[in-house]
Amino acid sequence: MNSDKDKIENKEVNNKKGQEKEKTKEYTIELKNATKRFGNDVAVDNLSLSIEKGTLTMLIGPSGCGKTTTMKMINRLVQLDEGKIKLNGTSVYDIDPVQLRRTIGYVIQEIGLFPHFTVFDNIATVPRLLKWDENKIKKRVEELLDMVTLDSSYAYRYPLQLSGGERQRVGLARALGADPEVLLMDEPFGAIDPINRLKLHDSFLEIQEEIKKTIVFVTHDINEAIKLGDKIAILRDGKLVQYAVSTDILYKPANQFVENLLGQDRSLKALTLKRTKDFISSEDVLTVSKETTEEEISKQLQKKNQIVAFVLDKNDKLIGRYWLEKTKKDKFEINYDEKPVLTEQNSTLNESLSTMFSSGEKMLPVVNRRNKFMGIIRLDHILSLIHISEPTRPY
């Protein structure tokens, strides 16, 4: 009896703690029973969603499910028919629509850069509308170019002089121009080729770690949603099917529709929940400067019983690697590679393992978005740590 009583009391305490924790959460965006109709078609149907401050929420679902309409209702590009949408506790309909949109960053797939504006002028667009001082604008543009890893020479180029990936980076910088608290992103990487898309994902995650904006991100790609999102909202026919963290989506899909959306390789997708940076090691790693001679590098490698030495510049950026190769005469020959195979710290473990397997490398250097050397990952170390359990069907 006492045991049952203790369980009930513990459950009540835990429920109380959970309620208190929920009260302390700070929500930037709240949708309550939001509904939008186009004629007789219901695009968004009684949708309720609370988005926490500083988090990245992915909206995903099939075409016509209402994800883009939902996003556009937040900045009033689409008008709400029923329900409420609040920004920091204030109804978006109590805020002047022009002022509202100037305080919310917006990034779309087509990017929408002004072709007759330079990169500088594109990024400066909203700060100038807000009548910022030109010196403040110049400083902000320089900060943002550095943040998206474009050097200052890009400031005076035009959009047509940029690659697709570079235009997307400028589009993100422009959205962040006035330092908005909220970013709305409508399939921003959808038109980028797969290789550059992965690089943009990694850079974007690293930037979000620094700026901690509240982001609503529309996508049709479940892998993108799992990799980027703090939480995922799955929509179907304008209704919310499931809203949860990626782990729960993968391991506790709400129904058959969600399971079908995830596909048959859910166990492999679980690897996207793990970040490469969580497996970085700096043990037994030899780094040298570009001024170090090959003879000295060879001696250091043999002394430390290592095969590879990574070459760093004065800013700790990776610029190459040396490796020892044993000859037929049992002597060592040193080789140099100025473009070593590498991975980024925010790449998923799945992506880094794929790079390893395709290149045949069992050890990879890890860099950040600025190409700064962060350490290495080893295949044997990863395999000794990871365990993938088979997702179950809770429904």
# chains A, B, ... in the order shown; residues from 1 in each chain; ligands from 1
call {"tool": "residues_around", "arguments": {"residues": "stretch 326-336 of chain A", "least_positions_apart": "2", "cutoff": "10 Å", "atoms": "only C-alpha atoms", "output": "list in words"}}
result
Glu294, Glu295, Ile297, Ser298, Leu301, Gln302, Ile307, Val308, Ala309, Phe310, Val311, Gly320, Arg321, Tyr322, Trp323, Leu324, Glu338, Lys339 and Pro340 of chain A
call {"tool": "select_by_dssp", "arguments": {"residues": "stretch 122-216 of chain A", "states": "strand (DSSP E)", "output": "ChimeraX atom specification"}}
result
/A:182-186,214-216
call {"tool": "select_by_dssp", "arguments": {"residues": "stretch 161-379 of chain A", "states": "alpha helix (DSSP H)", "output": "number ranges by chain"}}
result
A: 164-175, 194-211, 222-228, 246-251, 256-262, 266-269, 294-303, 349-359, 379
call {"tool": "write_last_selection", "arguments": {"atoms": "C-alpha atoms", "output": "tab-separated table (two decimals), in the first residue's frame"}}
result
chain	number	residue	atom	x	y	z
A	164	GLY	CA	23.74	29.89	-56.10
A	165	GLY	CA	25.25	29.09	-52.71
A	166	GLU	CA	26.74	32.59	-52.41
A	167	ARG	CA	23.40	34.20	-53.28
A	168	GLN	CA	21.74	32.10	-50.60
A	169	ARG	CA	24.30	33.28	-48.04
A	170	VAL	CA	23.64	36.88	-49.03
A	171	GLY	CA	19.89	36.22	-48.74
A	172	LEU	CA	20.40	35.00	-45.17
A	173	ALA	CA	22.60	38.01	-44.38
A	174	ARG	CA	19.92	40.36	-45.75
A	175	ALA	CA	17.24	38.67	-43.61
A	194	PRO	CA	22.99	18.48	-52.86
A	195	ILE	CA	26.69	18.97	-52.02
A	196	ASN	CA	26.41	22.72	-51.45
A	197	ARG	CA	23.12	22.23	-49.61
A	198	LEU	CA	24.86	20.06	-47.00
A	199	LYS	CA	27.56	22.73	-46.58
A	200	LEU	CA	24.90	25.42	-46.17
A	201	HIS	CA	23.12	23.26	-43.58
A	202	ASP	CA	26.31	22.97	-41.53
A	203	SER	CA	27.07	26.69	-41.76
A	204	PHE	CA	23.47	27.59	-40.95
A	205	LEU	CA	23.46	25.41	-37.81
A	206	GLU	CA	26.70	26.99	-36.63
A	207	ILE	CA	25.32	30.49	-37.23
A	208	GLN	CA	22.12	29.62	-35.34
A	209	GLU	CA	24.21	28.43	-32.38
A	210	GLU	CA	25.68	31.95	-32.26
A	211	ILE	CA	22.63	34.11	-32.96
A	222	ILE	CA	12.36	15.01	-43.98
A	223	ASN	CA	16.15	14.57	-43.78
A	224	GLU	CA	16.57	18.36	-43.73
A	225	ALA	CA	13.88	18.63	-41.05
A	226	ILE	CA	15.53	16.04	-38.81
A	227	LYS	CA	19.00	17.52	-39.24
A	228	LEU	CA	18.13	21.17	-38.66
A	246	SER	CA	13.23	14.91	-33.77
A	247	THR	CA	13.90	11.97	-31.46
A	248	ASP	CA	10.20	11.53	-30.70
A	249	ILE	CA	9.27	11.91	-34.36
A	250	LEU	CA	11.71	9.14	-35.28
A	251	TYR	CA	11.06	6.76	-32.42
A	256	GLN	CA	1.11	5.49	-40.23
A	257	PHE	CA	1.20	8.80	-42.15
A	258	VAL	CA	4.21	10.01	-40.13
A	259	GLU	CA	5.91	6.65	-40.47
A	260	ASN	CA	5.45	6.76	-44.25
A	261	LEU	CA	6.86	10.28	-44.32
A	262	LEU	CA	9.95	9.08	-42.45
A	266	ARG	CA	14.43	5.24	-39.78
A	267	SER	CA	17.33	3.45	-38.07
A	268	LEU	CA	19.78	5.16	-40.42
A	269	LYS	CA	17.99	8.48	-40.00
A	294	GLU	CA	59.13	17.78	-44.50
A	295	GLU	CA	62.17	16.28	-42.78
A	296	GLU	CA	61.09	17.64	-39.39
A	297	ILE	CA	57.49	16.49	-39.94
A	298	SER	CA	58.69	13.00	-40.86
A	299	LYS	CA	60.76	12.82	-37.68
A	300	GLN	CA	57.87	13.99	-35.50
A	301	LEU	CA	55.48	11.47	-37.04
A	302	GLN	CA	57.85	8.55	-36.55
A	303	LYS	CA	58.67	9.66	-33.01
A	349	LEU	CA	27.24	11.50	-38.14
A	350	ASN	CA	25.52	9.86	-41.09
A	351	GLU	CA	27.09	12.40	-43.48
A	352	SER	CA	30.57	12.05	-41.97
A	353	LEU	CA	30.42	8.26	-42.09
A	354	SER	CA	29.31	8.47	-45.71
A	355	THR	CA	32.34	10.67	-46.47
A	356	MET	CA	34.59	8.15	-44.74
A	357	PHE	CA	33.21	5.17	-46.62
A	358	SER	CA	33.26	6.88	-50.03
A	359	SER	CA	36.83	8.15	-49.59
A	379	LEU	CA	35.99	5.36	-37.48
call {"tool": "atom_distance", "arguments": {"atom1": "atom CA of A:Asn255", "atom2": "atom CA of A:Asp186"}}
result
26.0 Å
call {"tool": "atom_distance", "arguments": {"atom1": "atom CA of A:Asp230", "atom2": "atom CA of A:Asn122"}}
result
29.5 Å
call {"tool": "closest_residue", "arguments": {"among": "A:Val148, A:Ile85, A:Val366, A:Ile192", "to": "A:Asn46", "atoms": "only C-alpha atoms"}}
result
A:Ile85
call {"tool": "atom_distance", "arguments": {"atom1": "atom CA of A:Val42", "atom2": "atom CA of A:Ile74"}}
result
17.2 Å
call {"tool": "residues_around", "arguments": {"residues": "A:Met71", "least_positions_apart": "2", "cutoff": "12 Å", "atoms": "only C-alpha atoms", "output": "ChimeraX atom specification"}}
result
/A:29-31,34,36,43-44,47,49,57-60,65-69,73-80,85,104-108,182-187,215-219,233
call {"tool": "write_last_selection", "arguments": {"atoms": "C-alpha atoms", "output": "mmCIF file, in the first residue's frame"}}
result
data_model
loop_
_atom_site.group_PDB
_atom_site.id
_atom_site.type_symbol
_atom_site.label_atom_id
_atom_site.label_comp_id
_atom_site.auth_asym_id
_atom_site.auth_seq_id
_atom_site.Cartn_x
_atom_site.Cartn_y
_atom_site.Cartn_z
ATOM 1 C CA ILE A 29 5.282 32.745 -31.584
ATOM 2 C CA GLU A 30 1.900 31.314 -30.629
ATOM 3 C CA LEU A 31 -0.821 30.140 -32.993
ATOM 4 C CA ALA A 34 -5.526 29.425 -36.593
ATOM 5 C CA LYS A 36 -7.318 30.045 -43.258
ATOM 6 C CA ALA A 43 -5.675 25.624 -46.231
ATOM 7 C CA VAL A 44 -5.004 25.724 -42.479
ATOM 8 C CA LEU A 47 -3.918 24.943 -35.999
ATOM 9 C CA LEU A 49 1.351 25.762 -32.205
ATOM 10 C CA THR A 57 10.940 24.799 -35.834
ATOM 11 C CA MET A 58 10.529 22.874 -39.081
ATOM 12 C CA LEU A 59 7.162 22.787 -40.883
ATOM 13 C CA ILE A 60 6.873 19.767 -43.147
ATOM 14 C CA CYS A 65 -0.717 20.787 -46.540
ATOM 15 C CA GLY A 66 -0.674 24.438 -45.421
ATOM 16 C CA LYS A 67 2.934 24.838 -44.278
ATOM 17 C CA THR A 68 3.774 27.930 -46.372
ATOM 18 C CA THR A 69 0.372 29.473 -45.668
ATOM 19 C CA MET A 73 0.139 34.166 -41.643
ATOM 20 C CA ILE A 74 2.809 34.948 -39.024
ATOM 21 C CA ASN A 75 3.978 38.085 -40.855
ATOM 22 C CA ARG A 76 0.487 38.788 -42.271
ATOM 23 C CA LEU A 77 1.363 38.178 -45.919
ATOM 24 C CA VAL A 78 -1.705 35.945 -45.671
ATOM 25 C CA GLN A 79 -4.598 37.139 -43.522
ATOM 26 C CA LEU A 80 -6.033 34.926 -40.790
ATOM 27 C CA ILE A 85 -1.427 34.542 -33.764
ATOM 28 C CA ILE A 104 10.860 39.708 -39.076
ATOM 29 C CA GLY A 105 13.560 38.303 -41.368
ATOM 30 C CA TYR A 106 12.274 36.505 -44.458
ATOM 31 C CA VAL A 107 14.203 34.078 -46.689
ATOM 32 C CA ILE A 108 12.669 32.315 -49.694
ATOM 33 C CA VAL A 182 12.305 36.042 -35.770
ATOM 34 C CA LEU A 183 13.274 34.474 -39.105
ATOM 35 C CA LEU A 184 10.810 32.924 -41.542
ATOM 36 C CA MET A 185 12.461 30.627 -44.097
ATOM 37 C CA ASP A 186 10.511 29.087 -46.983
ATOM 38 C CA GLU A 187 12.533 26.187 -48.475
ATOM 39 C CA ILE A 215 13.119 30.405 -36.740
ATOM 40 C CA VAL A 216 10.183 28.908 -38.619
ATOM 41 C CA PHE A 217 11.535 26.879 -41.540
ATOM 42 C CA VAL A 218 9.367 25.311 -44.254
ATOM 43 C CA THR A 219 10.710 22.213 -45.995
ATOM 44 C CA ALA A 233 5.624 20.150 -36.976
#
call {"tool": "closest_residue", "arguments": {"among": "A:Ile377, A:Leu235, A:Leu318, A:Ala244", "to": "A:Ser282", "atoms": "only C-alpha atoms"}}
result
A:Ile377
